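Peer 1: Below you'll find data29.txt; it's compact mmCIF, C-alpha atoms.
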# COMPACT_ATOMS: atom_id res chain seq x y z
CA MET A 251 -154.29 120.78 -127.55
CA LEU A 252 -151.19 120.71 -125.34
CA ASP A 253 -150.02 117.42 -123.92
CA GLU A 254 -151.34 117.02 -120.38
CA ARG A 255 -148.46 114.96 -118.99
CA PRO A 256 -146.41 116.50 -116.18
CA ALA A 257 -143.95 119.11 -117.32
CA VAL A 258 -140.61 120.28 -116.05
CA GLY A 259 -139.29 123.78 -116.78
CA ALA A 260 -140.81 127.13 -117.52
CA ALA A 261 -140.51 129.80 -120.17
CA ALA A 262 -140.74 133.55 -119.55
CA LEU A 263 -143.85 135.16 -120.94
CA PRO A 264 -143.27 137.12 -124.18
CA ASP A 265 -144.35 140.41 -122.61
CA GLY A 266 -141.51 140.16 -120.10
CA SER A 267 -143.87 139.90 -117.11
CA ALA A 268 -142.96 137.95 -114.00
CA GLY A 269 -145.18 135.03 -114.94
CA VAL A 270 -143.90 131.87 -116.55
CA ARG A 271 -145.30 129.58 -119.21
CA PRO A 272 -145.10 125.87 -118.32
CA ILE A 273 -143.23 123.74 -120.84
CA HIS A 274 -145.41 120.90 -122.07
CA THR A 275 -143.92 120.19 -125.50
CA ILE A 276 -140.39 120.45 -126.88
CA VAL A 277 -139.69 119.79 -130.55
CA ILE A 278 -136.16 118.96 -131.66
CA ILE A 279 -135.59 119.51 -135.38
CA GLY A 280 -132.62 117.47 -136.57
CA ALA A 281 -131.73 113.99 -135.36
CA GLY A 282 -127.97 113.87 -135.68
CA GLN A 283 -125.54 113.97 -132.80
CA ALA A 284 -126.66 117.35 -131.44
CA GLY A 285 -130.34 116.42 -131.63
CA GLY A 286 -129.77 113.04 -130.07
CA TRP A 287 -127.83 114.46 -127.13
CA ALA A 288 -130.44 117.18 -126.67
CA ALA A 289 -133.14 114.52 -126.37
CA GLN A 290 -131.12 112.43 -123.90
CA THR A 291 -130.31 115.47 -121.79
CA LEU A 292 -133.90 116.68 -121.61
CA ARG A 293 -134.94 113.34 -120.14
CA SER A 294 -131.94 113.02 -117.83
CA GLU A 295 -132.65 116.53 -116.52
CA GLY A 296 -136.16 115.45 -115.58
CA PHE A 297 -138.32 116.73 -118.44
CA THR A 298 -141.41 114.50 -118.56
CA GLY A 299 -143.48 116.38 -121.11
CA ARG A 300 -144.03 115.63 -124.78
CA LEU A 301 -140.75 115.33 -126.68
CA VAL A 302 -140.79 115.14 -130.48
CA LEU A 303 -137.65 114.41 -132.52
CA VAL A 304 -137.90 115.16 -136.24
CA GLY A 305 -135.15 113.96 -138.58
CA ASP A 306 -134.92 114.06 -142.35
CA GLU A 307 -132.78 110.90 -142.35
CA LEU A 308 -134.06 107.36 -141.88
CA HIS A 309 -131.56 106.55 -139.15
CA PRO A 310 -131.86 107.23 -135.42
CA PRO A 311 -129.50 109.77 -133.84
CA HIS A 312 -125.91 108.97 -134.79
CA GLU A 313 -122.43 110.48 -135.00
CA ARG A 314 -120.71 111.18 -138.32
CA PRO A 315 -116.92 110.98 -137.81
CA PRO A 316 -116.74 107.18 -138.37
CA LEU A 317 -118.42 107.57 -141.78
CA SER A 318 -115.17 108.72 -143.40
CA LYS A 319 -113.08 106.08 -141.65
CA ALA A 320 -114.33 102.80 -140.16
CA VAL A 321 -117.71 102.75 -141.92
CA LEU A 322 -116.24 103.82 -145.26
CA SER A 323 -113.54 101.14 -145.09
CA GLY A 324 -116.00 98.44 -144.07
CA ALA A 325 -114.37 97.91 -140.70
CA ALA A 326 -117.58 98.93 -138.90
CA LEU A 327 -121.28 98.70 -139.67
CA PRO A 328 -123.37 101.89 -139.90
CA THR A 329 -125.26 100.82 -136.77
CA THR A 330 -122.07 101.33 -134.74
CA THR A 331 -122.53 105.09 -135.24
CA TRP A 332 -125.85 105.14 -133.38
CA LEU A 333 -125.72 107.15 -130.17
CA MET A 334 -127.97 104.73 -128.31
CA LYS A 335 -128.96 101.11 -128.50
CA PRO A 336 -132.58 100.62 -129.62
CA ASP A 337 -133.85 99.85 -126.12
CA ALA A 338 -132.18 102.95 -124.66
CA PHE A 339 -133.64 105.09 -127.44
CA SER A 340 -137.07 103.62 -126.83
CA ALA A 341 -136.75 104.32 -123.10
CA LEU A 342 -136.52 108.05 -123.80
CA ASP A 343 -140.21 108.03 -124.75
CA VAL A 344 -139.53 110.25 -127.75
CA GLU A 345 -142.03 110.72 -130.56
CA TRP A 346 -139.66 109.86 -133.40
CA ARG A 347 -140.34 111.23 -136.89
CA PRO A 348 -137.71 109.74 -139.23
CA SER A 349 -137.40 110.67 -142.92
CA THR A 350 -139.52 113.72 -142.22
CA ARG A 351 -138.97 117.25 -143.46
CA VAL A 352 -140.09 120.34 -141.55
CA GLN A 353 -141.92 122.73 -143.87
CA ARG A 354 -141.84 125.79 -141.61
CA ILE A 355 -141.96 127.15 -138.09
CA ASP A 356 -144.95 129.35 -137.31
CA ARG A 357 -143.69 131.45 -134.41
CA THR A 358 -146.98 133.32 -134.01
CA ALA A 359 -149.07 130.16 -133.66
CA ARG A 360 -146.16 128.39 -131.93
CA GLN A 361 -146.35 125.43 -134.28
CA VAL A 362 -143.94 123.33 -136.32
CA LEU A 363 -145.51 122.34 -139.63
CA LEU A 364 -144.26 119.11 -141.20
CA ALA A 365 -144.20 118.44 -144.93
CA ASP A 366 -146.58 115.49 -144.49
CA GLY A 367 -149.23 117.85 -143.09
CA GLU A 368 -148.79 117.14 -139.39
CA THR A 369 -148.75 120.15 -137.08
CA LEU A 370 -146.76 120.09 -133.85
CA PRO A 371 -147.50 122.68 -131.16
CA TYR A 372 -144.44 123.68 -129.17
CA ASP A 373 -143.31 125.54 -126.09
CA LYS A 374 -139.66 125.25 -127.06
CA VAL A 375 -137.88 124.29 -130.28
CA ILE A 376 -134.26 123.15 -130.51
CA LEU A 377 -132.79 123.49 -134.00
CA CYS A 378 -130.14 120.85 -134.70
CA THR A 379 -130.43 120.92 -138.48
CA GLY A 380 -126.69 120.60 -139.13
CA GLY A 381 -125.46 121.11 -142.66
CA ARG A 382 -125.05 119.53 -146.04
CA ALA A 383 -122.06 118.88 -148.26
CA ARG A 384 -121.14 121.85 -150.42
CA GLN A 385 -121.48 121.34 -154.16
CA LEU A 386 -119.27 122.69 -156.95
CA ASP A 387 -120.87 125.04 -159.47
CA VAL A 388 -118.92 124.25 -162.64
CA PRO A 389 -119.83 122.80 -166.05
CA GLY A 390 -120.23 119.06 -166.37
CA THR A 391 -121.64 118.18 -162.96
CA ASP A 392 -124.50 116.44 -164.79
CA GLN A 393 -122.12 114.29 -166.84
CA VAL A 394 -120.38 112.40 -164.03
CA GLN A 395 -121.21 110.93 -160.64
CA LEU A 396 -119.99 113.20 -157.87
CA HIS A 397 -119.74 111.64 -154.42
CA THR A 398 -119.92 113.57 -151.17
CA LEU A 399 -119.66 112.20 -147.65
CA ARG A 400 -122.14 113.46 -145.10
CA THR A 401 -124.66 110.68 -144.54
CA ILE A 402 -124.67 106.93 -143.99
CA GLU A 403 -126.05 106.53 -147.50
CA ASP A 404 -123.15 108.58 -148.86
CA ALA A 405 -120.65 106.25 -147.19
CA GLN A 406 -122.45 103.17 -148.48
CA ALA A 407 -122.47 104.52 -152.04
CA LEU A 408 -118.81 105.55 -151.99
CA ALA A 409 -117.29 102.51 -150.25
CA PRO A 410 -117.51 100.03 -153.18
CA THR A 411 -115.63 102.45 -155.46
CA LEU A 412 -112.55 102.50 -153.23
CA ALA A 413 -110.73 99.34 -154.23
CA PRO A 414 -107.35 98.20 -155.55
CA GLY A 415 -106.85 99.27 -159.13
CA ARG A 416 -109.43 102.05 -158.90
CA SER A 417 -108.46 105.69 -159.30
CA VAL A 418 -109.99 108.36 -157.11
CA VAL A 419 -109.82 112.16 -157.36
CA VAL A 420 -110.69 113.99 -154.15
CA VAL A 421 -111.57 117.64 -154.76
CA GLY A 422 -110.76 119.49 -151.56
CA GLY A 423 -107.78 119.27 -149.23
CA GLY A 424 -109.63 119.97 -145.99
CA TRP A 425 -110.39 117.50 -143.22
CA ILE A 426 -113.11 115.46 -144.87
CA GLY A 427 -111.18 115.31 -148.14
CA LEU A 428 -108.01 114.12 -146.43
CA GLU A 429 -109.83 111.52 -144.35
CA VAL A 430 -111.50 110.11 -147.46
CA ALA A 431 -108.16 110.16 -149.29
CA ALA A 432 -106.50 108.25 -146.44
CA THR A 433 -109.24 105.62 -146.35
CA ALA A 434 -109.15 105.24 -150.15
CA ARG A 435 -105.37 104.70 -150.13
CA GLN A 436 -105.65 102.16 -147.34
CA GLN A 437 -108.22 100.33 -149.46
CA GLY A 438 -105.70 100.17 -152.29
CA ALA A 439 -107.03 102.87 -154.60
CA ASP A 440 -104.82 105.36 -156.42
CA VAL A 441 -105.61 108.84 -155.10
CA VAL A 442 -105.12 112.43 -156.25
CA VAL A 443 -106.12 115.31 -153.97
CA VAL A 444 -106.88 118.62 -155.69
CA GLU A 445 -106.83 121.72 -153.48
CA THR A 446 -107.41 125.28 -154.67
CA GLN A 447 -105.55 126.84 -151.73
CA SER A 448 -101.77 126.97 -151.45
CA ARG A 449 -101.68 124.42 -148.62
CA LEU A 450 -103.78 121.71 -147.00
CA CYS A 451 -106.37 122.73 -144.39
CA GLU A 452 -105.24 126.32 -144.88
CA ARG A 453 -108.32 127.80 -143.22
CA THR A 454 -107.95 125.87 -139.97
CA VAL A 455 -104.29 125.11 -139.20
CA PRO A 456 -100.91 126.90 -139.32
CA VAL A 457 -98.43 126.24 -142.10
CA GLU A 458 -96.33 123.75 -140.11
CA ILE A 459 -99.33 121.45 -139.71
CA SER A 460 -100.23 121.83 -143.39
CA ASP A 461 -96.69 120.78 -144.25
CA TYR A 462 -96.94 117.80 -141.91
CA LEU A 463 -100.19 116.66 -143.51
CA LEU A 464 -98.72 117.04 -146.99
CA ALA A 465 -95.72 114.91 -146.03
CA LEU A 466 -98.00 112.31 -144.41
CA HIS A 467 -100.17 111.86 -147.50
CA SER A 468 -97.29 112.04 -149.96
CA ALA A 469 -95.45 109.30 -148.07
CA GLN A 470 -98.51 107.08 -148.54
CA GLY A 471 -98.42 107.54 -152.29
CA THR A 472 -101.15 110.15 -152.65
CA ARG A 473 -100.54 112.82 -155.25
CA VAL A 474 -101.46 116.27 -153.90
CA LEU A 475 -102.04 119.19 -156.26
CA LEU A 476 -102.02 122.52 -154.40
CA GLY A 477 -103.11 125.87 -155.79
CA THR A 478 -105.13 124.01 -158.39
CA GLY A 479 -108.72 124.84 -159.28
CA VAL A 480 -111.36 122.72 -161.01
CA ARG A 481 -113.02 124.25 -164.08
CA GLY A 482 -115.37 121.39 -164.85
CA PHE A 483 -116.07 117.69 -165.32
CA ALA A 484 -116.62 115.50 -168.35
CA ARG A 485 -117.37 111.92 -169.37
CA ALA A 486 -114.48 110.27 -171.19
CA ALA A 487 -114.95 108.13 -174.28
CA ASP A 488 -114.16 104.99 -172.28
CA GLY A 489 -116.87 105.81 -169.76
CA ARG A 490 -114.53 107.00 -167.03
CA SER A 491 -114.82 110.44 -165.44
CA GLU A 492 -112.60 113.42 -166.12
CA VAL A 493 -111.73 116.28 -163.79
CA LEU A 494 -110.87 119.36 -165.85
CA LEU A 495 -108.32 121.49 -164.03
CA ALA A 496 -107.96 125.25 -164.29
CA ASP A 497 -104.49 124.95 -165.81
CA GLY A 498 -105.92 123.01 -168.75
CA SER A 499 -104.81 119.55 -167.65
CA VAL A 500 -107.20 116.62 -167.19
CA LEU A 501 -107.36 113.90 -164.55
CA ALA A 502 -109.09 110.71 -165.68
CA CYS A 503 -110.46 108.59 -162.86
CA ASP A 504 -113.07 106.09 -161.76
CA THR A 505 -114.40 108.05 -158.79
CA ILE A 506 -114.73 111.73 -157.92
CA VAL A 507 -115.30 112.86 -154.33
CA LEU A 508 -116.16 116.43 -153.39
CA GLY A 509 -114.87 117.44 -149.97
CA ILE A 510 -115.15 121.21 -150.16
CA GLY A 511 -116.92 122.09 -146.97
CA LEU A 512 -120.29 122.30 -145.32
CA VAL A 513 -123.31 124.52 -145.99
CA PRO A 514 -125.30 125.14 -142.78
CA ASN A 515 -128.96 124.20 -143.01
CA ASP A 516 -130.28 127.53 -141.76
CA GLU A 517 -133.04 128.01 -144.35
CA LEU A 518 -135.79 127.00 -141.92
CA ALA A 519 -134.53 129.53 -139.38
CA ARG A 520 -134.25 132.28 -141.99
CA ALA A 521 -137.80 131.66 -143.19
CA ALA A 522 -138.96 131.94 -139.57
CA GLY A 523 -137.32 135.35 -139.27
CA LEU A 524 -134.52 134.28 -136.92
CA ALA A 525 -131.19 136.11 -137.04
CA CYS A 526 -128.72 134.21 -139.23
CA ASP A 527 -125.20 134.86 -140.47
CA GLY A 528 -123.68 131.81 -142.11
CA GLY A 529 -125.75 129.75 -139.69
CA VAL A 530 -128.24 130.46 -136.90
CA ARG A 531 -126.97 133.05 -134.46
CA VAL A 532 -127.22 132.06 -130.79
CA ASP A 533 -126.01 133.46 -127.48
CA ALA A 534 -124.07 131.66 -124.73
CA GLN A 535 -127.39 130.17 -123.57
CA CYS A 536 -127.89 128.64 -127.06
CA ARG A 537 -130.91 130.92 -127.62
CA THR A 538 -131.68 132.33 -131.04
CA SER A 539 -133.22 135.77 -131.55
CA ASP A 540 -136.44 134.10 -130.40
CA PRO A 541 -135.79 132.93 -126.80
CA ASP A 542 -138.19 130.00 -127.24
CA ILE A 543 -136.12 128.63 -130.14
CA LEU A 544 -132.62 127.36 -129.45
CA ALA A 545 -129.95 125.98 -131.78
CA ALA A 546 -126.98 123.65 -131.44
CA GLY A 547 -124.38 121.82 -133.48
CA ASP A 548 -123.06 122.55 -136.97
CA VAL A 549 -125.83 125.05 -137.73
CA ALA A 550 -125.24 127.32 -134.73
CA VAL A 551 -123.09 130.46 -134.82
CA ALA A 552 -122.10 131.27 -131.25
CA PRO A 553 -119.80 133.76 -129.51
CA ASN A 554 -116.51 132.17 -128.57
CA PRO A 555 -114.05 134.04 -126.34
CA TRP A 556 -111.22 131.70 -127.30
CA ALA A 557 -111.57 132.80 -130.90
CA GLY A 558 -112.50 136.40 -130.09
CA ARG A 559 -115.48 136.23 -132.42
CA SER A 560 -118.66 134.32 -133.21
CA LEU A 561 -118.21 131.16 -135.24
CA ARG A 562 -119.64 127.77 -136.11
CA LEU A 563 -117.76 124.84 -134.61
CA GLU A 564 -118.00 121.82 -136.91
CA SER A 565 -116.78 119.20 -134.48
CA TRP A 566 -117.87 116.05 -132.69
CA GLN A 567 -117.28 117.76 -129.34
CA ASN A 568 -119.45 120.77 -130.13
CA ALA A 569 -122.33 118.75 -131.55
CA GLN A 570 -122.55 116.77 -128.32
CA GLU A 571 -121.86 119.46 -125.75
CA GLN A 572 -123.88 122.23 -127.36
CA GLY A 573 -126.81 119.86 -127.84
CA MET A 574 -126.68 119.14 -124.12
CA ALA A 575 -126.33 122.83 -123.26
CA ALA A 576 -129.30 123.78 -125.43
CA ALA A 577 -131.47 121.18 -123.70
CA ARG A 578 -130.58 122.51 -120.27
CA SER A 579 -131.15 126.07 -121.40
CA ALA A 580 -134.57 125.14 -122.80
CA LEU A 581 -135.53 123.93 -119.33
CA GLY A 582 -134.51 127.21 -117.75
CA HIS A 583 -131.23 126.05 -116.24
CA ALA A 584 -128.27 128.41 -116.03
CA VAL A 585 -126.09 127.85 -119.09
CA ASP A 586 -122.94 129.61 -120.24
CA TYR A 587 -121.69 127.63 -123.22
CA GLN A 588 -118.37 129.06 -124.37
CA PRO A 589 -116.21 125.99 -124.98
CA LEU A 590 -112.53 125.76 -125.75
CA PRO A 591 -112.61 124.51 -129.36
CA TRP A 592 -111.41 120.92 -129.74
CA PHE A 593 -111.08 119.08 -133.03
CA TRP A 594 -109.56 115.73 -133.99
CA SER A 595 -108.89 113.75 -137.14
CA ASP A 596 -107.64 110.20 -137.77
CA GLN A 597 -105.61 109.55 -140.92
CA TYR A 598 -103.36 106.52 -141.63
CA GLY A 599 -103.39 105.57 -137.96
CA MET A 600 -102.31 109.09 -136.99
CA ASN A 601 -104.49 110.92 -134.51
CA LEU A 602 -104.26 114.72 -134.80
CA GLN A 603 -105.89 116.92 -132.16
CA ILE A 604 -106.32 120.68 -131.98
CA TYR A 605 -107.17 122.66 -128.85
CA GLY A 606 -107.86 126.37 -129.10
CA MET A 607 -107.40 128.71 -132.04
CA PRO A 608 -103.75 129.15 -133.15
CA THR A 609 -102.96 132.39 -135.01
CA PRO A 610 -99.93 133.68 -136.96
CA THR A 611 -99.11 136.06 -134.08
CA HIS A 612 -98.49 133.23 -131.63
CA ARG A 613 -95.02 132.06 -130.71
CA VAL A 614 -94.53 128.35 -131.45
CA VAL A 615 -92.86 125.94 -129.04
CA GLN A 616 -92.40 122.36 -130.22
CA ARG A 617 -92.29 119.27 -128.03
CA GLY A 618 -91.09 116.12 -129.78
CA ASP A 619 -90.73 115.86 -133.55
CA ALA A 620 -92.65 114.47 -136.50
CA ALA A 621 -89.95 111.87 -137.21
CA SER A 622 -90.61 110.24 -133.84
CA GLY A 623 -94.28 109.86 -134.73
CA SER A 624 -95.44 111.98 -131.79
CA PHE A 625 -95.23 115.73 -131.25
CA VAL A 626 -97.08 118.76 -129.91
CA LEU A 627 -96.89 122.33 -131.12
CA PHE A 628 -97.81 124.91 -128.49
CA TYR A 629 -98.97 128.39 -129.55
CA LEU A 630 -98.19 131.06 -126.97
CA ALA A 631 -98.85 134.73 -126.34
CA GLY A 632 -95.90 135.68 -124.17
CA ASP A 633 -95.46 132.69 -121.85
CA VAL A 634 -99.14 131.70 -121.81
CA VAL A 635 -100.30 128.77 -123.92
CA GLN A 636 -103.23 129.78 -126.13
CA ALA A 637 -103.56 126.71 -128.37
CA ALA A 638 -101.97 123.34 -129.03
CA ILE A 639 -101.85 120.91 -131.95
CA GLY A 640 -100.40 117.44 -131.67
CA ALA A 641 -100.10 114.12 -133.44
CA ASN A 642 -100.27 110.84 -131.52
CA ALA A 643 -99.87 112.74 -128.25
CA ALA A 644 -103.23 112.39 -126.52
CA ARG A 645 -101.81 112.42 -122.99
CA ASP A 646 -99.71 115.56 -123.51
CA LEU A 647 -102.67 117.27 -125.17
CA ARG A 648 -104.91 116.61 -122.18
CA PHE A 649 -102.44 118.52 -120.03
CA ALA A 650 -102.12 121.16 -122.77
CA ARG A 651 -105.85 121.75 -122.49
CA ARG A 652 -105.45 122.46 -118.79
CA LEU A 653 -102.65 124.94 -119.49
CA ILE A 654 -104.81 126.77 -122.02
CA GLU A 655 -107.80 126.94 -119.71
CA GLN A 656 -105.75 127.98 -116.68
CA ARG A 657 -104.01 130.75 -118.68
CA LYS A 658 -100.98 130.67 -116.42
CA PRO A 659 -97.40 131.38 -117.59
CA VAL A 660 -95.18 128.36 -118.27
CA ASP A 661 -91.46 127.71 -118.50
CA THR A 662 -91.04 127.28 -122.24
CA GLU A 663 -87.78 125.35 -121.92
CA LEU A 664 -89.52 122.73 -119.81
CA LEU A 665 -92.52 122.83 -122.13
CA ALA A 666 -90.30 121.88 -125.07
CA ASP A 667 -88.54 119.08 -123.22
CA PRO A 668 -90.24 115.69 -123.70
CA ALA A 669 -88.38 114.43 -120.64
CA THR A 670 -90.33 116.87 -118.44
CA PRO A 671 -93.76 115.45 -117.56
CA MET A 672 -96.55 117.78 -118.63
CA SER A 673 -98.06 117.30 -115.19
CA LYS A 674 -95.08 119.20 -113.73
CA LEU A 675 -95.68 122.37 -115.76
Let me see the structure of the file written as structure tokens.
Peer 2:
Amino acid sequence: MLDERPAVGAAALPDGSAGVRPIHTIVIIGAGQAGGWAAQTLRSEGFTGRLVLVGDELHPPHERPPLSKAVLSGAALPTTTWLMKPDAFSALDVEWRPSTRVQRIDRTARQVLLADGETLPYDKVILCTGGRARQLDVPGTDQVQLHTLRTIEDAQALAPTLAPGRSVVVVGGGWIGLEVAATARQQGADVVVVETQSRLCERTVPVEISDYLLALHSAQGTRVLLGTGVRGFARAADGRSEVLLADGSVLACDTIVLGIGLVPNDELARAAGLACDGGVRVDAQCRTSDPDILAAGDVAVAPNPWAGRSLRLESWQNAQEQGMAAARSALGHAVDYQPLPWFWSDQYGMNLQIYGMPTPTHRVVQRGDAASGSFVLFYLAGDVVQAAIGANAARDLRFARRLIEQRKPVDTELLADPATPMSKL
């Protein structure tokens, strides 16, 4: 039976007729940052119907970026990652299902079936299922302990192994791998980063930023092996772990961390017959191929005009803002979610931010220099800024965002001059 409390919002009838179906029950599947913000937004937008939040983790909605930094180092407790204080979460009047797995979505019966046997009727579903750490399919994975970093439990298991005198091999020179490597070095561990590509973060940043990151980590005493694959793992005679490299060499260590990317959790959507392509495909209204099922966060593949293609945005910004957009869309509000991509990373006290999508065809204009500890690289098509990447330059980057969004020509000589305030451009 549908919940009889007042409802806000309406859904179009499946036959396309002019009538509307009142929204009594919304089920959010996934209780990370996207799911948490979706729940908050539904209530702040006036939805008073039944709201069910299903999460396969024990913890209430929380953000993940601190897990590889403050939480991993012990500088912050896991509870600091929670999106809301307990009383604020309670005030949302959400039916909270922690440590619960969804078995399937029955679109015909309009039900979400939980693994514990409970059945949840729905008018709308918001998928915020996120992703999981990618594993490495090589021999020996059963002989050693392989750490990943995606959950609070992952951080708690890894933290004690990062200590002075310990040796750590991080497989993967992307963002999560580099953040873990930085935290491990700051904890006093010896660190080797192994990356199969020819440069760090090759898939997401231009070569000049890869070079900057390499210099940053090398200066801190981290050994970085580029263009180096892993062929397997083994247990050494002394009980330590061994990373077997493709060139035949062996790295002996105390701890192995895999930081080789994210696999979107789109299996539930696929089984329900929703369109998927490396994640759940959605439109600018966050709707899947079933208009009564929406998706947001790391699992969602959405059109992005700034990139000129559809893509998944694995970022703190997108998890929050797309979760909010999906909630509004579920209530029938006008939504056009096509954000300028924004990503940030903290390593060794350095804050790196990226706005937009730089490409090899862009002209590069530099403001400041790495030696000064603060710089911005602007990526232009003609005289129009298309993207910007900067280190320890938050103020300049806020103005850079405006330039990108306004798409107006700039004087590149003034752009490159740190003495010229960005507000004057």
Peer 1: Please determine the residues with any atom at most 12 Å from (-95.9, 107.4, -136.3) (coordinates as given in the file, with all atoms listed in the file counting) and report them as a PyMOL selection string.
Peer 2: chain A and resi 462+466+469+597-602+618-625+640-643
Peer 1: Please, could you write that set of residues out with C-alpha atoms as an mmCIF file, in the coordinates of the input?
Peer 2:
data_model
loop_
_atom_site.group_PDB
_atom_site.id
_atom_site.type_symbol
_atom_site.label_atom_id
_atom_site.label_comp_id
_atom_site.auth_asym_id
_atom_site.auth_seq_id
_atom_site.Cartn_x
_atom_site.Cartn_y
_atom_site.Cartn_z
ATOM 1 C CA TYR A 462 -96.940 117.800 -141.910
ATOM 2 C CA LEU A 466 -98.000 112.310 -144.410
ATOM 3 C CA ALA A 469 -95.450 109.300 -148.070
ATOM 4 C CA GLN A 597 -105.610 109.550 -140.920
ATOM 5 C CA TYR A 598 -103.360 106.520 -141.630
ATOM 6 C CA GLY A 599 -103.390 105.570 -137.960
ATOM 7 C CA MET A 600 -102.310 109.090 -136.990
ATOM 8 C CA ASN A 601 -104.490 110.920 -134.510
ATOM 9 C CA LEU A 602 -104.260 114.720 -134.800
ATOM 10 C CA GLY A 618 -91.090 116.120 -129.780
ATOM 11 C CA ASP A 619 -90.730 115.860 -133.550
ATOM 12 C CA ALA A 620 -92.650 114.470 -136.500
ATOM 13 C CA ALA A 621 -89.950 111.870 -137.210
ATOM 14 C CA SER A 622 -90.610 110.240 -133.840
ATOM 15 C CA GLY A 623 -94.280 109.860 -134.730
ATOM 16 C CA SER A 624 -95.440 111.980 -131.790
ATOM 17 C CA PHE A 625 -95.230 115.730 -131.250
ATOM 18 C CA GLY A 640 -100.400 117.440 -131.670
ATOM 19 C CA ALA A 641 -100.100 114.120 -133.440
ATOM 20 C CA ASN A 642 -100.270 110.840 -131.520
ATOM 21 C CA ALA A 643 -99.870 112.740 -128.250
#
Peer 1: Give as a count of residues only every residue, naming chains and numbers as the document does, that has an atom within 10 Å of (-141.6, 124.0, -143.9), counting only C-alpha atoms.
Peer 2: 16
Peer 1: So that I can check the surroundings of segment 280-282 of chain A, please list as number ranges by chain every protein, DNA and RNA residue that reaches within 12 Å of it, counting all atoms listed in the file and ignoring chain neighbours fewer than 2 positions away.
Peer 2: A: 277-278, 284-290, 302-315, 331-334, 344-352, 375-381, 400-402, 515-516, 518, 545-549, 566, 569-570, 573
Peer 1: Would you mind listing what lies within 10 Å of Pro610 of chain A as a CSV table (one decimal) with C-alpha atoms, in the coordinates of the input, with only C-alpha atoms counted and same-chain residues fewer than 6 positions away left out?
Peer 2:
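Wrote part17.csv, looks like this:
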chain,number,residue,atom,x,y,z
A,455,VAL,CA,-104.3,125.1,-139.2
A,456,PRO,CA,-100.9,126.9,-139.3
A,457,VAL,CA,-98.4,126.2,-142.1
A,629,TYR,CA,-99.0,128.4,-129.6
Peer 1: Using all atoms listed in the file, can you tell me which of A:Thr391, A:Gln385, A:Ile276, A:Ala439 comes closest to Arg360 of chain A?
Peer 2: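 Ranking A:Thr391, A:Gln385, A:Ile276, A:Ala439 by distance to Arg360 of chain A, first place goes to A:Ile276.
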Peer 1: Can you tell me, as a list in words, what residues are no more than 12 Å from Asp440 of chain A when counting all atoms listed in the file, ignoring any on the same chain fewer than 6 positions away?
Peer 2: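 Residues near the query, excluding close chain neighbours: Thr411, Leu412, Ala413, Pro414, Gly415, Arg416, Ser417, Val418, Val419, Val420, Ala431, Ala432, Thr433, Ala434, His467, Ser468, Gln470, Gly471, Thr472, Arg473, Val474, Ala502, Cys503, Asp504, Thr505 and Ile506 of chain A.
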Peer 1: Just want the 10 Å neighbourhood of segment 666-673 of chain A, counted on all atoms listed in the file, with same-chain residues fewer than 4 positions away dropped. Output as a ChimeraX atom specification.
Peer 2: /A:615-619,625-628,645-650,652-653,661-662
Peer 1: Which is closest to Leu464 of chain A among A:Arg435, A:Gly423, A:Val500, A:Asp488, if we use all atoms listed in the file?
Peer 2: A:Gly423
Peer 1: Considering all atoms listed in the file, can you say which of A:Ala644, A:Met607, A:Val585, A:Leu428 comes closest to Leu561 of chain A?
Peer 2: A:Met607
Peer 1: Report, in Å to a single decimal, how far apart atom CA of Pro591 of chain A and atom CA of Leu630 of chain A are.
Peer 2: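 Computing it gives 16.0 Å between the two atoms.
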Peer 1: Could you check which of A:Ser595, A:Ser318, A:Ser294, A:Ser460 is closest to Thr398 of chain A, using only C-alpha atoms?
Peer 2: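 Among the listed residues, the smallest separation from Thr398 of chain A belongs to A:Ser318.
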Peer 1: Which one is closest to Gly479 of chain A: A:Val441, A:Ala525, A:Leu386, A:Ile543? Count only C-alpha atoms.
Peer 2: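 Among A:Val441, A:Ala525, A:Leu386, A:Ile543, it is A:Leu386 that comes nearest to Gly479 of chain A.
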Peer 1: Tell me which protein, DNA and RNA residues are within 9 Å of Asp343 of chain A, counting all atoms listed in the file, leaving out same-chain ones fewer than 2 positions away, and put them as a compact mmCIF listing (two decimals) with C-alpha atoms, in the coordinates of the input.
Peer 2:
# COMPACT_ATOMS: atom_id res chain seq x y z
CA ARG A 293 -134.94 113.34 -120.14
CA ARG A 300 -144.03 115.63 -124.78
CA LEU A 301 -140.75 115.33 -126.68
CA PHE A 339 -133.64 105.09 -127.44
CA SER A 340 -137.07 103.62 -126.83
CA ALA A 341 -136.75 104.32 -123.10
CA GLU A 345 -142.03 110.72 -130.56
CA TRP A 346 -139.66 109.86 -133.40
